[in-house]
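Dumped my_file_31.tsv below, it's TSV, C-alpha atoms:
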chain	number	residue	atom	x	y	z
A	18	MET	CA	0.00	0.00	0.00
A	19	ASN	CA	1.24	3.45	-0.84
A	20	GLU	CA	0.73	5.07	2.60
A	21	THR	CA	1.06	8.63	1.30
A	22	PHE	CA	-1.56	8.10	-1.38
A	23	ALA	CA	-3.81	6.15	1.00
A	24	ASN	CA	-3.64	9.04	3.49
A	25	SER	CA	-4.49	11.51	0.73
A	26	LEU	CA	-7.62	9.49	-0.11
A	27	VAL	CA	-8.63	9.32	3.56
A	28	ASP	CA	-8.11	13.09	3.87
A	29	LEU	CA	-10.13	13.74	0.71
A	30	ALA	CA	-12.99	11.58	1.97
A	31	LYS	CA	-13.14	13.62	5.17
A	32	GLU	CA	-12.89	16.92	3.28
A	33	LEU	CA	-15.85	15.83	1.14
A	34	GLY	CA	-17.98	15.14	4.20
A	35	ALA	CA	-17.25	11.59	5.37
A	36	ASP	CA	-17.93	11.03	9.05
A	37	ASP	CA	-14.83	8.82	9.01
A	38	ALA	CA	-12.51	7.09	6.56
A	39	ILE	CA	-9.70	4.60	6.98
A	40	SER	CA	-7.35	2.70	4.69
A	41	PHE	CA	-7.46	-1.08	4.82
A	42	ASP	CA	-5.57	-4.11	3.60
A	43	ILE	CA	-7.64	-6.50	1.49
A	44	SER	CA	-7.21	-9.11	4.26
A	45	ASP	CA	-9.43	-6.86	6.45
A	46	ILE	CA	-12.39	-7.52	4.14
A	47	ALA	CA	-14.68	-10.25	5.47
A	48	PHE	CA	-16.21	-12.23	2.65
A	49	ASP	CA	-19.35	-14.27	3.22
A	50	ALA	CA	-21.59	-15.27	0.32
A	51	ARG	CA	-24.53	-15.53	2.72
A	52	THR	CA	-24.92	-11.76	2.43
A	53	ILE	CA	-26.69	-12.38	-0.85
A	54	LEU	CA	-29.49	-14.23	0.95
A	55	LYS	CA	-30.53	-10.89	2.45
A	56	CYS	CA	-30.71	-9.47	-1.06
A	57	LEU	CA	-32.82	-12.32	-2.40
A	58	TYR	CA	-35.05	-12.85	0.62
A	59	GLY	CA	-36.00	-9.98	2.85
A	60	CYS	CA	-35.21	-6.94	0.75
A	61	THR	CA	-37.71	-5.32	-1.58
A	62	GLY	CA	-34.81	-4.90	-4.01
A	63	GLY	CA	-35.48	-4.07	-7.61
A	64	LEU	CA	-32.77	-1.42	-7.73
A	65	ALA	CA	-30.34	-1.34	-10.62
A	66	TYR	CA	-27.49	-2.77	-8.55
A	67	CYS	CA	-29.51	-5.46	-6.79
A	68	PRO	CA	-29.10	-9.14	-7.49
A	69	THR	CA	-32.73	-10.22	-7.67
A	70	THR	CA	-32.47	-13.79	-8.96
A	71	ALA	CA	-30.54	-16.88	-7.93
A	72	THR	CA	-28.64	-16.67	-11.22
A	73	GLU	CA	-27.49	-13.13	-10.48
A	74	ALA	CA	-26.70	-14.14	-6.90
A	75	SER	CA	-24.37	-16.86	-8.13
A	76	ASN	CA	-22.15	-14.05	-9.39
A	77	THR	CA	-21.37	-13.25	-5.75
A	78	LEU	CA	-18.65	-15.90	-5.70
A	79	LEU	CA	-17.19	-14.43	-8.88
A	80	PHE	CA	-17.32	-10.94	-7.35
A	81	GLN	CA	-15.50	-12.18	-4.25
A	82	ASP	CA	-12.71	-13.57	-6.42
A	83	LEU	CA	-12.48	-10.29	-8.32
A	84	ILE	CA	-12.37	-8.14	-5.17
A	85	LYS	CA	-9.68	-10.38	-3.66
A	86	LYS	CA	-7.40	-9.33	-6.54
A	87	TYR	CA	-7.18	-5.86	-4.99
A	88	LYS	CA	-4.47	-5.18	-2.41
A	89	TRP	CA	-5.91	-2.33	-0.35
A	90	GLY	CA	-8.47	0.42	-0.28
A	91	VAL	CA	-10.34	3.01	1.73
A	92	LEU	CA	-13.43	2.38	3.83
A	93	ILE	CA	-15.79	5.35	4.16
A	94	ARG	CA	-18.52	6.04	6.72
A	95	THR	CA	-21.24	8.61	6.02
A	96	SER	CA	-24.66	9.43	7.41
A	97	ASP	CA	-26.47	9.32	4.07
A	98	LEU	CA	-26.38	7.47	0.77
A	99	ALA	CA	-25.87	10.44	-1.57
A	100	THR	CA	-22.83	11.73	0.31
A	101	GLY	CA	-21.36	8.24	0.52
A	102	GLN	CA	-21.83	7.68	-3.18
A	103	ASP	CA	-20.36	11.06	-4.14
A	104	ILE	CA	-17.28	10.51	-1.95
A	105	THR	CA	-16.79	6.95	-3.20
A	106	ILE	CA	-16.93	8.02	-6.85
A	107	ALA	CA	-14.57	10.95	-6.17
A	108	LEU	CA	-11.99	8.67	-4.52
A	109	GLU	CA	-12.33	6.09	-7.27
A	110	ARG	CA	-11.68	8.81	-9.85
A	111	LYS	CA	-8.69	10.21	-7.97
A	112	ALA	CA	-7.15	6.74	-7.72
A	113	PHE	CA	-7.78	6.06	-11.42
A	114	LEU	CA	-6.17	9.36	-12.44
A	115	ALA	CA	-3.19	8.54	-10.18
A	116	GLY	CA	-2.55	5.40	-12.22
A	117	TYR	CA	-4.57	2.86	-10.25
A	118	THR	CA	-6.57	2.00	-13.35
A	119	PHE	CA	-8.63	-0.77	-11.75
A	120	ALA	CA	-9.75	1.34	-8.76
A	121	PHE	CA	-13.35	0.41	-8.02
A	122	GLY	CA	-15.92	1.85	-5.64
A	123	ALA	CA	-18.66	-0.06	-3.87
A	124	THR	CA	-21.60	2.02	-2.69
A	125	GLU	CA	-25.33	2.09	-2.52
A	126	CYS	CA	-26.94	4.61	-4.83
A	127	GLY	CA	-28.34	7.86	-3.50
A	128	CYS	CA	-28.48	9.85	-6.74
A	129	CYS	CA	-32.15	10.22	-7.41
A	130	ILE	CA	-35.09	11.24	-5.27
A	131	GLU	CA	-37.06	8.46	-6.92
A	132	CYS	CA	-35.24	5.50	-8.49
A	133	ALA	CA	-36.27	4.93	-12.10
A	134	THR	CA	-35.62	1.19	-11.80
A	135	GLU	CA	-38.27	0.89	-9.09
A	136	ASN	CA	-40.77	1.81	-11.80
A	137	GLY	CA	-39.29	-0.62	-14.34
A	138	ASN	CA	-37.33	2.04	-16.21
A	139	PRO	CA	-33.59	2.04	-16.93
A	140	CYS	CA	-31.22	3.67	-14.47
A	141	VAL	CA	-30.58	7.33	-15.30
A	142	SER	CA	-27.31	7.48	-13.32
A	143	LYS	CA	-25.37	4.53	-14.73
A	144	ARG	CA	-22.09	6.45	-14.78
A	145	THR	CA	-22.03	6.56	-10.98
A	146	LEU	CA	-23.87	3.32	-10.29
A	147	ARG	CA	-21.80	0.82	-8.29
A	148	PRO	CA	-22.75	-2.27	-6.30
A	149	PRO	CA	-23.00	-2.01	-2.51
A	150	LEU	CA	-20.56	-4.03	-0.41
A	151	TYR	CA	-23.09	-6.67	0.63
A	152	SER	CA	-24.04	-7.46	-2.97
A	153	LEU	CA	-20.37	-8.32	-3.55
A	154	GLY	CA	-20.55	-10.93	-0.78
A	155	ILE	CA	-18.91	-8.73	1.85
A	156	ASP	CA	-19.96	-8.95	5.49
A	157	VAL	CA	-20.04	-5.24	6.27
A	158	TYR	CA	-20.40	-5.66	10.05
A	159	LYS	CA	-17.39	-7.95	10.37
A	160	THR	CA	-15.33	-5.84	7.96
A	161	VAL	CA	-16.04	-2.72	10.00
A	162	ARG	CA	-14.97	-4.52	13.19
A	163	ASN	CA	-11.79	-5.68	11.42
A	164	VAL	CA	-10.71	-2.05	10.95
A	165	GLY	CA	-11.59	-1.08	14.51
A	166	TRP	CA	-14.90	0.64	13.92
A	167	VAL	CA	-18.21	-0.09	15.63
A	168	LEU	CA	-21.38	-0.56	13.59
A	169	GLU	CA	-24.68	-1.28	15.26
A	170	VAL	CA	-27.77	-2.75	13.66
A	171	VAL	CA	-30.42	-0.05	13.32
A	172	GLN	CA	-33.15	-0.96	15.78
A	173	GLN	CA	-35.94	1.42	14.77
A	174	LYS	CA	-36.85	3.59	11.83
A	175	GLY	CA	-35.40	7.03	12.46
A	176	ASP	CA	-32.37	5.79	14.39
A	177	PRO	CA	-29.02	7.11	13.13
A	178	VAL	CA	-27.69	5.18	10.16
A	179	SER	CA	-24.09	4.63	9.09
A	180	ASN	CA	-23.59	4.13	5.39
A	181	ILE	CA	-20.40	2.15	4.71
A	182	THR	CA	-18.76	2.29	1.30
A	183	ALA	CA	-15.32	1.41	-0.04
A	184	VAL	CA	-12.89	2.04	-2.84
A	185	PHE	CA	-10.74	-0.96	-3.75
A	186	ILE	CA	-7.27	-0.29	-5.14
A	187	GLU	CA	-4.94	-2.66	-6.93
Transcribe the structure of this file into structure tokens.
Amino acid sequence: MNETFANSLVDLAKELGADDAISFDISDIAFDARTILKCLYGCTGGLAYCPTTATEASNTLLFQDLIKKYKWGVLIRTSDLATGQDITIALERKAFLAGYTFAFGATECGCCIECATENGNPCVSKRTLRPPLYSLGIDVYKTVRNVGWVLEVVQQKGDPVSNITAVFIE
């Protein structure tokens, strides 16, 4: 890991409004394909990045293998989806322009007030659309603990929410 560059990404994330950001080694990422069960059973889904069929869910194992090819990255914590997505895309772009051509962000989408895909229409924000961590087979709670953060399960609607995103770097 290039510590200087990693620190610059962490600093940029905070400047852009992240509640927190930290660099990680790929070994800190906790993979568990069971995350996809939550996508298939229990989530209303239907968003452009959601695996909604068993066939799409089988890609989770492929995604895990692809993510494991990265060496490090930056984990980002925000209070809302739009901010998390904007920061993730900004860090991904900065890493790409710095020569890390396979830099890849993972974030839920917070672009639109109303998602076009929920109404059966194509996504209007494909340029910034990325998969969330859990759809890549990543156990977000364990990963967060691995880097020393605390993440609690939201107990009631209206409770504070932490949105966790990441940028993976080769």
key: Residue among A:Leu98, A:Leu78, A:Leu54, A:Val164 lying closest to Ser179 in chain A, counting only C-alpha atoms   =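 The shortest atom-to-atom distance to Ser179 in chain A comes from A:Leu98.
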request  = Select all residues near (-22.1, 11.5, 0.6) (cut-off 12 Å, inclusive, file coordinates), counting only C-alpha atoms, and output them as a PyMOL selection string.
outcome  = chain A and resi 30-37+93-108+124-128+179-182
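Computed from the coordinates, the CA of Tyr87 in chain A to CA of Ile43 in chain A distance equals 6.5 Å.
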Polymer residues at most 10 Å from (-4.6, -1.6, -2.2) by only C-alpha atoms, as a PDB file with C-alpha atoms, in the coordinates of the input:
ATOM      1  CA  MET A  18       0.000   0.000   0.000  1.00  0.00           C
ATOM      2  CA  ASN A  19       1.240   3.450  -0.840  1.00  0.00           C
ATOM      3  CA  GLU A  20       0.730   5.070   2.600  1.00  0.00           C
ATOM      4  CA  ALA A  23      -3.810   6.150   1.000  1.00  0.00           C
ATOM      5  CA  SER A  40      -7.350   2.700   4.690  1.00  0.00           C
ATOM      6  CA  PHE A  41      -7.460  -1.080   4.820  1.00  0.00           C
ATOM      7  CA  ASP A  42      -5.570  -4.110   3.600  1.00  0.00           C
ATOM      8  CA  ILE A  43      -7.640  -6.500   1.490  1.00  0.00           C
ATOM      9  CA  LYS A  86      -7.400  -9.330  -6.540  1.00  0.00           C
ATOM     10  CA  TYR A  87      -7.180  -5.860  -4.990  1.00  0.00           C
ATOM     11  CA  LYS A  88      -4.470  -5.180  -2.410  1.00  0.00           C
ATOM     12  CA  TRP A  89      -5.910  -2.330  -0.350  1.00  0.00           C
ATOM     13  CA  GLY A  90      -8.470   0.420  -0.280  1.00  0.00           C
ATOM     14  CA  VAL A  91     -10.340   3.010   1.730  1.00  0.00           C
ATOM     15  CA  TYR A 117      -4.570   2.860 -10.250  1.00  0.00           C
ATOM     16  CA  ALA A 120      -9.750   1.340  -8.760  1.00  0.00           C
ATOM     17  CA  VAL A 184     -12.890   2.040  -2.840  1.00  0.00           C
ATOM     18  CA  PHE A 185     -10.740  -0.960  -3.750  1.00  0.00           C
ATOM     19  CA  ILE A 186      -7.270  -0.290  -5.140  1.00  0.00           C
ATOM     20  CA  GLU A 187      -4.940  -2.660  -6.930  1.00  0.00           C
TER      21      GLU A 187
END
request  = Could you tell me how far CA of Ile53 in chain A lies from CA of Tyr151 in chain A, in Å and to one decimal?
outcome  =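 Going from CA of Ile53 in chain A over to CA of Tyr151 in chain A, I get 6.9 Å.
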key: Å distance separating CA of Asn136 in chain A from CA of Cys56 in chain A, one decimal place   =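 A separation of 18.5 Å between them.
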request  = Compare A:Arg147, A:Val167, A:Ile84, A:Lys111 by their minimum atom-to-atom distance to Phe22 in chain A, counting all atoms listed in the file, and give me the closest one.
outcome  =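 Closest candidate: A:Lys111.
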message = Taking only C-alpha atoms into account, name the residue in A:Gln172, A:Asn163, A:Ser142, A:Ser152 that is nearest to Gln81 in chain A.
response = A:Ser152
ask   = Leaving out Ala47 in chain A and any residue of its chain fewer than 2 positions from it, which residues lie within 8 Å of it when counting only C-alpha atoms, given as a ChimeraX atom specification?
value = /A:44-45,49,155-157,159-160
Please fill the gaps in range 151-162 of chain A so it has all heavy atoms, and write that as a short mmCIF file (atom, residue, chain, number, x, y, z; two decimals), in the coordinates of the input.
data_model
loop_
_atom_site.label_atom_id
_atom_site.label_comp_id
_atom_site.auth_asym_id
_atom_site.auth_seq_id
_atom_site.Cartn_x
_atom_site.Cartn_y
_atom_site.Cartn_z
N TYR A 151 -22.44 -5.39 0.34
CA TYR A 151 -23.09 -6.67 0.63
C TYR A 151 -23.45 -7.44 -0.64
O TYR A 151 -23.46 -8.66 -0.63
CB TYR A 151 -24.32 -6.48 1.53
CG TYR A 151 -25.30 -5.46 1.01
CD1 TYR A 151 -26.24 -5.79 0.06
CD2 TYR A 151 -25.28 -4.16 1.50
CE1 TYR A 151 -27.14 -4.85 -0.42
CE2 TYR A 151 -26.18 -3.21 1.04
CZ TYR A 151 -27.11 -3.57 0.06
OH TYR A 151 -27.98 -2.63 -0.41
N SER A 152 -23.71 -6.75 -1.74
CA SER A 152 -24.04 -7.46 -2.97
C SER A 152 -22.79 -8.08 -3.61
O SER A 152 -22.91 -8.88 -4.54
CB SER A 152 -24.76 -6.56 -3.97
OG SER A 152 -23.88 -5.66 -4.57
N LEU A 153 -21.63 -7.71 -3.11
CA LEU A 153 -20.37 -8.32 -3.55
C LEU A 153 -19.97 -9.47 -2.64
O LEU A 153 -18.88 -10.03 -2.77
CB LEU A 153 -19.25 -7.27 -3.57
CG LEU A 153 -19.46 -6.11 -4.54
CD1 LEU A 153 -18.40 -5.05 -4.32
CD2 LEU A 153 -19.45 -6.61 -5.98
N GLY A 154 -20.85 -9.83 -1.70
CA GLY A 154 -20.55 -10.93 -0.78
C GLY A 154 -19.67 -10.51 0.37
O GLY A 154 -18.93 -11.32 0.93
N ILE A 155 -19.74 -9.24 0.76
CA ILE A 155 -18.91 -8.73 1.85
C ILE A 155 -19.77 -8.56 3.09
O ILE A 155 -20.83 -7.92 3.05
CB ILE A 155 -18.24 -7.40 1.44
CG1 ILE A 155 -17.24 -7.68 0.31
CG2 ILE A 155 -17.55 -6.75 2.65
CD1 ILE A 155 -16.64 -6.44 -0.31
N ASP A 156 -19.31 -9.12 4.20
CA ASP A 156 -19.96 -8.95 5.49
C ASP A 156 -19.51 -7.59 6.03
O ASP A 156 -18.40 -7.44 6.54
CB ASP A 156 -19.54 -10.09 6.43
CG ASP A 156 -20.15 -10.00 7.81
OD1 ASP A 156 -20.56 -8.89 8.24
OD2 ASP A 156 -20.18 -11.04 8.50
N VAL A 157 -20.38 -6.61 5.91
CA VAL A 157 -20.04 -5.24 6.27
C VAL A 157 -19.77 -5.12 7.78
O VAL A 157 -18.80 -4.47 8.19
CB VAL A 157 -21.15 -4.26 5.83
CG1 VAL A 157 -20.84 -2.84 6.29
CG2 VAL A 157 -21.31 -4.30 4.32
N TYR A 158 -20.57 -5.77 8.59
CA TYR A 158 -20.40 -5.66 10.05
C TYR A 158 -19.05 -6.21 10.49
O TYR A 158 -18.34 -5.58 11.28
CB TYR A 158 -21.55 -6.37 10.78
CG TYR A 158 -22.85 -5.65 10.61
CD1 TYR A 158 -23.74 -5.99 9.60
CD2 TYR A 158 -23.20 -4.60 11.45
CE1 TYR A 158 -24.93 -5.30 9.42
CE2 TYR A 158 -24.38 -3.90 11.29
CZ TYR A 158 -25.24 -4.26 10.28
OH TYR A 158 -26.41 -3.57 10.11
N LYS A 159 -18.67 -7.36 9.99
CA LYS A 159 -17.39 -7.95 10.37
C LYS A 159 -16.22 -7.13 9.80
O LYS A 159 -15.22 -6.92 10.48
CB LYS A 159 -17.31 -9.40 9.90
CG LYS A 159 -16.09 -10.12 10.43
CD LYS A 159 -16.13 -11.60 10.14
CE LYS A 159 -14.92 -12.27 10.75
NZ LYS A 159 -14.89 -13.70 10.47
N THR A 160 -16.37 -6.66 8.57
CA THR A 160 -15.33 -5.84 7.96
C THR A 160 -15.08 -4.58 8.78
O THR A 160 -13.94 -4.22 9.06
CB THR A 160 -15.70 -5.48 6.50
OG1 THR A 160 -15.77 -6.69 5.74
CG2 THR A 160 -14.69 -4.54 5.88
N VAL A 161 -16.16 -3.94 9.20
CA VAL A 161 -16.04 -2.72 10.00
C VAL A 161 -15.33 -3.03 11.32
O VAL A 161 -14.45 -2.28 11.75
CB VAL A 161 -17.44 -2.11 10.23
CG1 VAL A 161 -17.45 -1.11 11.35
CG2 VAL A 161 -17.93 -1.48 8.93
N ARG A 162 -15.67 -4.14 11.95
CA ARG A 162 -14.97 -4.52 13.19
C ARG A 162 -13.50 -4.80 12.92
O ARG A 162 -12.64 -4.48 13.75
CB ARG A 162 -15.64 -5.76 13.81
CG ARG A 162 -16.96 -5.44 14.49
CD ARG A 162 -17.46 -6.60 15.35
NE ARG A 162 -17.63 -7.85 14.63
CZ ARG A 162 -18.75 -8.21 14.00
NH1 ARG A 162 -19.81 -7.42 13.99
NH2 ARG A 162 -18.82 -9.38 13.39
#
